[in-house]
Amino acid sequence: MTDDSVDWIARAGAKAKGKRPAYFEDPATERTLSILLAVAGEVSVLKERLDTVERLLDEKGTISRSDINSYAPNKDAAYERAVMTKEYVARIMRGVQQDMEALQAIERPVDEISTDLKNS
Amino acid sequence: MKREDVPPPYTAVTPHAVFPVPTHDEAARYNFLTAFNKYMSGSIGSGNKQAYDKRVLPAFRAEHGRDPKDRFEIRHAMNRDPWHRFWSACKRNAMEMRQQNGRSIVLRQLDELAGKVRQYNEGRDTLQLDPSVAVPRYQDAVDIHCMPGSYHGEERPGDFSAGANYDSGLFATTAGGLGALSDGGGQALVEWIKKERPGWTPRRILDLGCTVGHNIVPLALAFPDAEVIAIDTAAPVLRYAHARAQALGATNLRFVQMDAENMASFPDGHFDWVQTTMYLHELSGKSLPRIVQESERVLAPGGLMFHLEQPQYTDDMPLYEQFIRDWDAFNNNEPFWSAMHAMDLKQIMADVGLPRDCQFVTGVRAVVDREIFPEAAAAEAEDHGRAAVWNAYGAWKPKA
C-alpha cells in the first residue's frame with residue numbers, strides 16, 4: 001500500500017452530504033431495512049453466481065475462478081437470469097405488493113366474518 | 001414473458017479503455033438493483049397512486065374540506081401514508097446501495113484505473129483544469145443523487161473517481177435504457193439535428209455541465225471538423241471525462257474547468273451550438289437565468305440553444321404526477337429539481353433575447369441498439385427522473 005492509497009472498503013460506504021429523510025418513527029426500523037435490503041442483494045448475487053457456475057459446468061465440465069469472473073451470458077442466458085432475478089425480487093417484496101392490493105377494498109377482520117358465519 | 005420485460009445484464013455494457021471493470025459479483029449486485037428498481041417503479045409503483053386515491057386524498061378532503069392545491073400539499077399528506085413511506089424507504093436504500101457498489105468497484109481498482117487515466121490525460125492540451133474555479137453553492141449544499149462527495153469530491157489529489165463511479169452506475173440505474181455506453185442522450189441529439197437541419201455543420205459546440213461527457217462525445221464524433229468544448233466546475237469528473245473521450249476517439253473535444261455563469265474567456269457569438277443535458281435541474285434559482293444569459297451571449301446569431309430535461313410541470317400536468325416526479329428532489333438529494341421544473345424556461349429564454357417565435361419544445365428519446373436494449377417504459381411504469389425520454393427546450397437565435 002502506498003501513502004496515498006485509499007481505504008476502499010471504508011470509503012465505498014461514505015455517507016452522502018445531506019440529511020437523510022426519516023421514513024419510519026423508529027430509527028432502528030430504518031437501519032433494519034437497510035441491512036435487510038443489502039442482504040437481499042447479496043442473496044441475489046449468490047444465486048447469480050451459482051447460476052454462472054452451473055452454466056459453465058454444463059458447457060465445459062470444469063471451471064476456474066477466472067472463468068466465473070469473465071462470464072458474460074449470451075442473449076438467452078441473460079434473459080433466463082433476468083427472469084430469475086425478477087422472480088426473486090417479486091418473492092421478497094410479496095408483503096409490500098400484497099399491502100398494495102389490500103388498498104383496493106376495505107376488508108373486514110376474519111374474526112368478524114367467523115362470528116357472522118357461526119350465526120348464519 | 002416478453003424479452004423487453006426484463007433489463008439487459010450489466011455485462012452488456014461497453015467497457016471502454018478507462019471503464020471500471022466489475023467482478024462477476026459486482027455486476028450481479030448491479031443486476032439486482034436494476035431488477036429491484038424496475039420492480040419498484042413498474043410492478044408496484046402504481047401503489048403510490050392507489051394509496052393516494054383510496055386513502056390519502058379522501059383523508060385530506062375530510063380534514064381540509066377541499067383538494068390539495070399543489071404538489072407540496074400532496075407530498076406532506078403522502079409522507080404520512082405507511083405504504084408510500086415504505087416504498088420510499090426501499091427506493092432510497094436502492095440509491096444508497098448503487099452508490100456503495102459503484103464506489104467499491106472504482107476505489108478497489110483506483111491505482112490501476114489511475115494508470116489508464118494518466119495515459120490519456122498526461123501532456124494533452126485538451127484537458128484544461130483551473131483550481132481557481134470555486135465549487136458553486138448549489139453544488140456544495142448536499143451531495144447530488146446521494147453520491148458521496150458529489151462531482152467535486154476527491155479521495156486524494158488528482159482524483160477522478162467521482163467520474164468513474166458516475167459512469168459505472170448509469171447503466172444500472174437506467175436499466176440499460178441509455179445503451180452500452182450510456183450515451184443514448186447524446187446519440188439522440190445527433191439523430192435530432194440531422195433530421196432538423198440536414199447538412200448543417202456547426203463550427204463550434206459548447207456543452208455546459210458535461211460531467212463525464214457521455215452526452216457530448218457522440219456530437220464530437222458526429223461533427224469531427226467542429227471544435228467542441230465541454231465545461232464543468234468539477235475537476236474529478238473532467239479528468240475522467242477527458243480520458244473517456246480520448247479513449248473513444250473524440251479528439252476534437254476539449255474539457256475545460258469553468259463556471260458557466262462566467263465564461264469571459266469566450267468572445268460574444270463564439271459558438272454555433274450551446275447546450276445542456278440534464279443539467280439545469282442541478283443549478284439554483286439565481287444561477288439558472290444567469291447561465292442562460294451567458295449562454296446566449298456566447299451563441300452566434302443563427303446558432304442553436306438547446307436544453308434537454310425531464311418535462312416541465314405545467315398547469316396541464318396533474319398535481320399527483322408533479323408530486324411523484326418530485327420524488328428525487330426530496331429523497332435523492334436533488335434540491336433544485338422541484339423548483340426548476342416549475343420555472344418558465346420559455347420566458348427565461350425570451351428575457352435573454354431569444355424571442356418565443358424562435359423557440360421550440362420537442363420530445364427526444366434515447367437512441368440505442370434496440371436489439372439489446374429495451375424501449376423506455378410506458379408512462380405509468382416510468383422510473384421518474386431516470387427515464388430515457390426527455391423534453392428539449394431550445395431556440396434558434398435570430399440572425400443579426
# chains A, B, ... in the order shown; residues from 1 in each chain; ligands from 1
call {"tool": "select_by_dssp", "arguments": {"residues": "region 22-96 of chain A", "states": "alpha helix (DSSP H)", "output": "number ranges by chain"}}
result
A: 27-60, 65-69, 75-92, 94-96
call {"tool": "interface_residues", "arguments": {"of": "chain A", "to": "chain B", "cutoff": "9 Å", "atoms": "only C-alpha atoms", "output": "PyMOL selection string"}}
result
chain A and resi 4-9+11-24+30+33-34+37-38+40-42+44-46+48-49+68-73+75+78-79+81-83+85-86+89-90+93+96-97+99-101+103-105
call {"tool": "atom_distance", "arguments": {"atom1": "CA of Ala77 (chain A)", "atom2": "CA of Gly176 (chain B)"}}
result
16.9 Å
call {"tool": "residues_around", "arguments": {"residues": "Thr174 (chain B)", "least_positions_apart": "6", "cutoff": "9 Å", "atoms": "only C-alpha atoms", "output": "list in words"}}
result
Thr34, Ser182, Asp383, Arg386, Ala387 and Ala388 of chain B
call {"tool": "write_last_selection", "arguments": {"atoms": "N, CA and C atoms", "output": "mmCIF file, in the first residue's frame"}}
result
data_model
loop_
_atom_site.group_PDB
_atom_site.id
_atom_site.type_symbol
_atom_site.label_atom_id
_atom_site.label_comp_id
_atom_site.auth_asym_id
_atom_site.auth_seq_id
_atom_site.Cartn_x
_atom_site.Cartn_y
_atom_site.Cartn_z
ATOM 1 N N THR B 34 -30.935 -3.177 -10.565
ATOM 2 C CA THR B 34 -31.719 -2.870 -11.760
ATOM 3 C C THR B 34 -33.086 -3.555 -11.687
ATOM 4 N N SER B 182 -24.023 4.220 -22.267
ATOM 5 C CA SER B 182 -24.874 5.170 -21.549
ATOM 6 C C SER B 182 -24.901 6.540 -22.245
ATOM 7 N N ASP B 383 -39.753 5.136 -14.420
ATOM 8 C CA ASP B 383 -38.945 5.418 -13.237
ATOM 9 C C ASP B 383 -38.580 6.896 -13.324
ATOM 10 N N ARG B 386 -35.301 9.034 -14.252
ATOM 11 C CA ARG B 386 -34.294 8.204 -14.901
ATOM 12 C C ARG B 386 -34.740 7.703 -16.264
ATOM 13 N N ALA B 387 -35.952 8.079 -16.699
ATOM 14 C CA ALA B 387 -36.464 7.594 -17.978
ATOM 15 C C ALA B 387 -35.634 8.160 -19.131
ATOM 16 N N ALA B 388 -35.475 7.341 -20.175
ATOM 17 C CA ALA B 388 -34.648 7.753 -21.313
ATOM 18 C C ALA B 388 -35.475 8.516 -22.357
#
call {"tool": "residues_around", "arguments": {"residues": "Trp192 (chain B)", "least_positions_apart": "4", "cutoff": "12 Å", "atoms": "only C-alpha atoms", "output": "VMD selection string"}}
result
chain B and resid 184 to 188 196 to 198 200 219 222 306 308 362 to 367 392
call {"tool": "residues_around", "arguments": {"residues": "Lys69 (chain B)", "least_positions_apart": "4", "cutoff": "12 Å", "atoms": "only C-alpha atoms", "output": "PyMOL selection string"}}
result
chain B and resi 57+60-61+64-65+73-77+315+318-320+322-323
call {"tool": "write_last_selection", "arguments": {"atoms": "N, CA, C and O atoms", "output": "JSON list (two decimals), in the first residue's frame"}}
result
[["chain", "number", "residue", "atom", "x", "y", "z"],
["B", 57, "LEU", "N", -56.08, 11.01, -0.35],
["B", 57, "LEU", "CA", -56.94, 12.09, -0.85],
["B", 57, "LEU", "C", -58.26, 12.19, -0.06],
["B", 57, "LEU", "O", -58.63, 13.29, 0.37],
["B", 60, "PHE", "N", -57.49, 13.76, 3.18],
["B", 60, "PHE", "CA", -57.18, 15.18, 3.02],
["B", 60, "PHE", "C", -58.47, 15.99, 2.87],
["B", 60, "PHE", "O", -58.64, 17.05, 3.48],
["B", 61, "ARG", "N", -59.38, 15.46, 2.06],
["B", 61, "ARG", "CA", -60.66, 16.16, 1.84],
["B", 61, "ARG", "C", -61.45, 16.26, 3.13],
["B", 61, "ARG", "O", -62.05, 17.29, 3.43],
["B", 64, "HIS", "N", -59.57, 18.95, 5.30],
["B", 64, "HIS", "CA", -59.48, 20.33, 4.84],
["B", 64, "HIS", "C", -60.73, 20.82, 4.11],
["B", 64, "HIS", "O", -60.84, 22.01, 3.82],
["B", 65, "GLY", "N", -61.60, 19.91, 3.74],
["B", 65, "GLY", "CA", -62.80, 20.30, 3.00],
["B", 65, "GLY", "C", -62.50, 20.77, 1.59],
["B", 65, "GLY", "O", -63.30, 21.51, 0.98],
["B", 73, "GLU", "N", -48.49, 20.01, -0.94],
["B", 73, "GLU", "CA", -49.52, 19.51, -0.02],
["B", 73, "GLU", "C", -49.70, 17.99, -0.20],
["B", 73, "GLU", "O", -49.91, 17.27, 0.76],
["B", 74, "ILE", "N", -49.63, 17.55, -1.45],
["B", 74, "ILE", "CA", -49.74, 16.10, -1.68],
["B", 74, "ILE", "C", -48.57, 15.37, -1.02],
["B", 74, "ILE", "O", -48.73, 14.35, -0.37],
["B", 75, "ARG", "N", -47.39, 15.95, -1.16],
["B", 75, "ARG", "CA", -46.21, 15.29, -0.58],
["B", 75, "ARG", "C", -46.33, 15.18, 0.94],
["B", 75, "ARG", "O", -46.08, 14.13, 1.52],
["B", 76, "HIS", "N", -46.74, 16.28, 1.58],
["B", 76, "HIS", "CA", -46.86, 16.23, 3.04],
["B", 76, "HIS", "C", -47.89, 15.18, 3.46],
["B", 76, "HIS", "O", -47.68, 14.46, 4.43],
["B", 77, "ALA", "N", -48.98, 15.11, 2.70],
["B", 77, "ALA", "CA", -50.01, 14.12, 3.04],
["B", 77, "ALA", "C", -49.52, 12.70, 2.76],
["B", 77, "ALA", "O", -49.70, 11.79, 3.58],
["B", 315, "ASP", "N", -49.55, 23.74, -15.85],
["B", 315, "ASP", "CA", -50.90, 23.64, -15.28],
["B", 315, "ASP", "C", -51.64, 22.42, -15.82],
["B", 315, "ASP", "O", -52.58, 21.93, -15.20],
["B", 318, "PRO", "N", -51.26, 16.88, -14.06],
["B", 318, "PRO", "CA", -51.98, 16.65, -12.80],
["B", 318, "PRO", "C", -51.04, 16.81, -11.60],
["B", 318, "PRO", "O", -49.85, 16.47, -11.69],
["B", 319, "LEU", "N", -51.59, 17.32, -10.50],
["B", 319, "LEU", "CA", -50.75, 17.58, -9.31],
["B", 319, "LEU", "C", -50.11, 16.29, -8.79],
["B", 319, "LEU", "O", -48.98, 16.31, -8.32],
["B", 320, "TYR", "N", -50.86, 15.17, -8.89],
["B", 320, "TYR", "CA", -50.27, 13.92, -8.41],
["B", 320, "TYR", "C", -49.01, 13.58, -9.22],
["B", 320, "TYR", "O", -47.98, 13.17, -8.66],
["B", 322, "GLN", "N", -47.04, 15.65, -10.75],
["B", 322, "GLN", "CA", -45.98, 16.57, -10.32],
["B", 322, "GLN", "C", -45.34, 16.06, -9.02],
["B", 322, "GLN", "O", -44.12, 16.09, -8.86],
["B", 323, "PHE", "N", -46.20, 15.60, -8.11],
["B", 323, "PHE", "CA", -45.70, 15.09, -6.82],
["B", 323, "PHE", "C", -44.75, 13.90, -7.03],
["B", 323, "PHE", "O", -43.66, 13.86, -6.47]]
call {"tool": "atom_distance", "arguments": {"atom1": "CA of Ala342 (chain B)", "atom2": "CA of Tyr279 (chain B)"}}
result
15.1 Å
call {"tool": "atom_distance", "arguments": {"atom1": "CA of Gln310 (chain B)", "atom2": "CA of Val13 (chain B)"}}
result
24.2 Å
call {"tool": "residues_around", "arguments": {"residues": "Glu154 (chain B)", "least_positions_apart": "6", "cutoff": "9 Å", "atoms": "only C-alpha atoms", "output": "JSON, numbers by chain"}}
result
{"B": [160, 161, 162, 235, 236]}
call {"tool": "residues_around", "arguments": {"residues": "Ala247 (chain B)", "least_positions_apart": "4", "cutoff": "8 Å", "atoms": "only C-alpha atoms", "output": "PyMOL selection string"}}
result
chain B and resi 16-18+120+243
call {"tool": "write_last_selection", "arguments": {"atoms": "all heavy atoms", "output": "JSON list (two decimals), in the first residue's frame"}}
result
[["chain", "number", "residue", "atom", "x", "y", "z"],
["B", 16, "HIS", "N", -15.19, 0.65, -22.24],
["B", 16, "HIS", "CA", -14.15, 1.44, -22.92],
["B", 16, "HIS", "C", -12.86, 1.39, -22.08],
["B", 16, "HIS", "O", -12.87, 0.85, -20.96],
["B", 16, "HIS", "CB", -14.63, 2.87, -23.15],
["B", 16, "HIS", "CG", -15.08, 3.58, -21.91],
["B", 16, "HIS", "ND1", -14.20, 4.00, -20.96],
["B", 16, "HIS", "CD2", -16.31, 3.90, -21.44],
["B", 16, "HIS", "CE1", -14.86, 4.58, -19.97],
["B", 16, "HIS", "NE2", -16.16, 4.52, -20.23],
["B", 17, "ALA", "N", -11.79, 1.97, -22.59],
["B", 17, "ALA", "CA", -10.45, 1.73, -22.02],
["B", 17, "ALA", "C", -10.27, 2.22, -20.58],
["B", 17, "ALA", "O", -9.38, 1.74, -19.89],
["B", 17, "ALA", "CB", -9.39, 2.35, -22.91],
["B", 18, "VAL", "N", -11.09, 3.17, -20.11],
["B", 18, "VAL", "CA", -10.93, 3.62, -18.72],
["B", 18, "VAL", "C", -12.16, 3.26, -17.87],
["B", 18, "VAL", "O", -12.35, 3.78, -16.78],
["B", 18, "VAL", "CB", -10.64, 5.15, -18.62],
["B", 18, "VAL", "CG1", -9.29, 5.48, -19.22],
["B", 18, "VAL", "CG2", -11.74, 5.98, -19.26],
["B", 120, "TYR", "N", -4.11, 8.73, -20.89],
["B", 120, "TYR", "CA", -4.90, 9.54, -21.83],
["B", 120, "TYR", "C", -4.87, 11.03, -21.51],
["B", 120, "TYR", "O", -5.23, 11.84, -22.35],
["B", 120, "TYR", "CB", -6.36, 9.06, -21.83],
["B", 120, "TYR", "CG", -6.55, 7.74, -22.52],
["B", 120, "TYR", "CD1", -6.75, 6.58, -21.80],
["B", 120, "TYR", "CD2", -6.50, 7.66, -23.92],
["B", 120, "TYR", "CE1", -6.91, 5.36, -22.44],
["B", 120, "TYR", "CE2", -6.66, 6.44, -24.56],
["B", 120, "TYR", "CZ", -6.87, 5.29, -23.82],
["B", 120, "TYR", "OH", -7.03, 4.09, -24.45],
["B", 243, "ALA", "N", -10.33, 11.49, -20.27],
["B", 243, "ALA", "CA", -9.72, 10.19, -20.58],
["B", 243, "ALA", "C", -10.70, 9.32, -21.35],
["B", 243, "ALA", "O", -10.34, 8.64, -22.33],
["B", 243, "ALA", "CB", -9.29, 9.50, -19.28]]
call {"tool": "closest_residue", "arguments": {"among": "A:Met84, A:Lys118, A:Ile92, A:Pro109", "to": "Lys47 (chain A)", "atoms": "only C-alpha atoms"}}
result
A:Met84
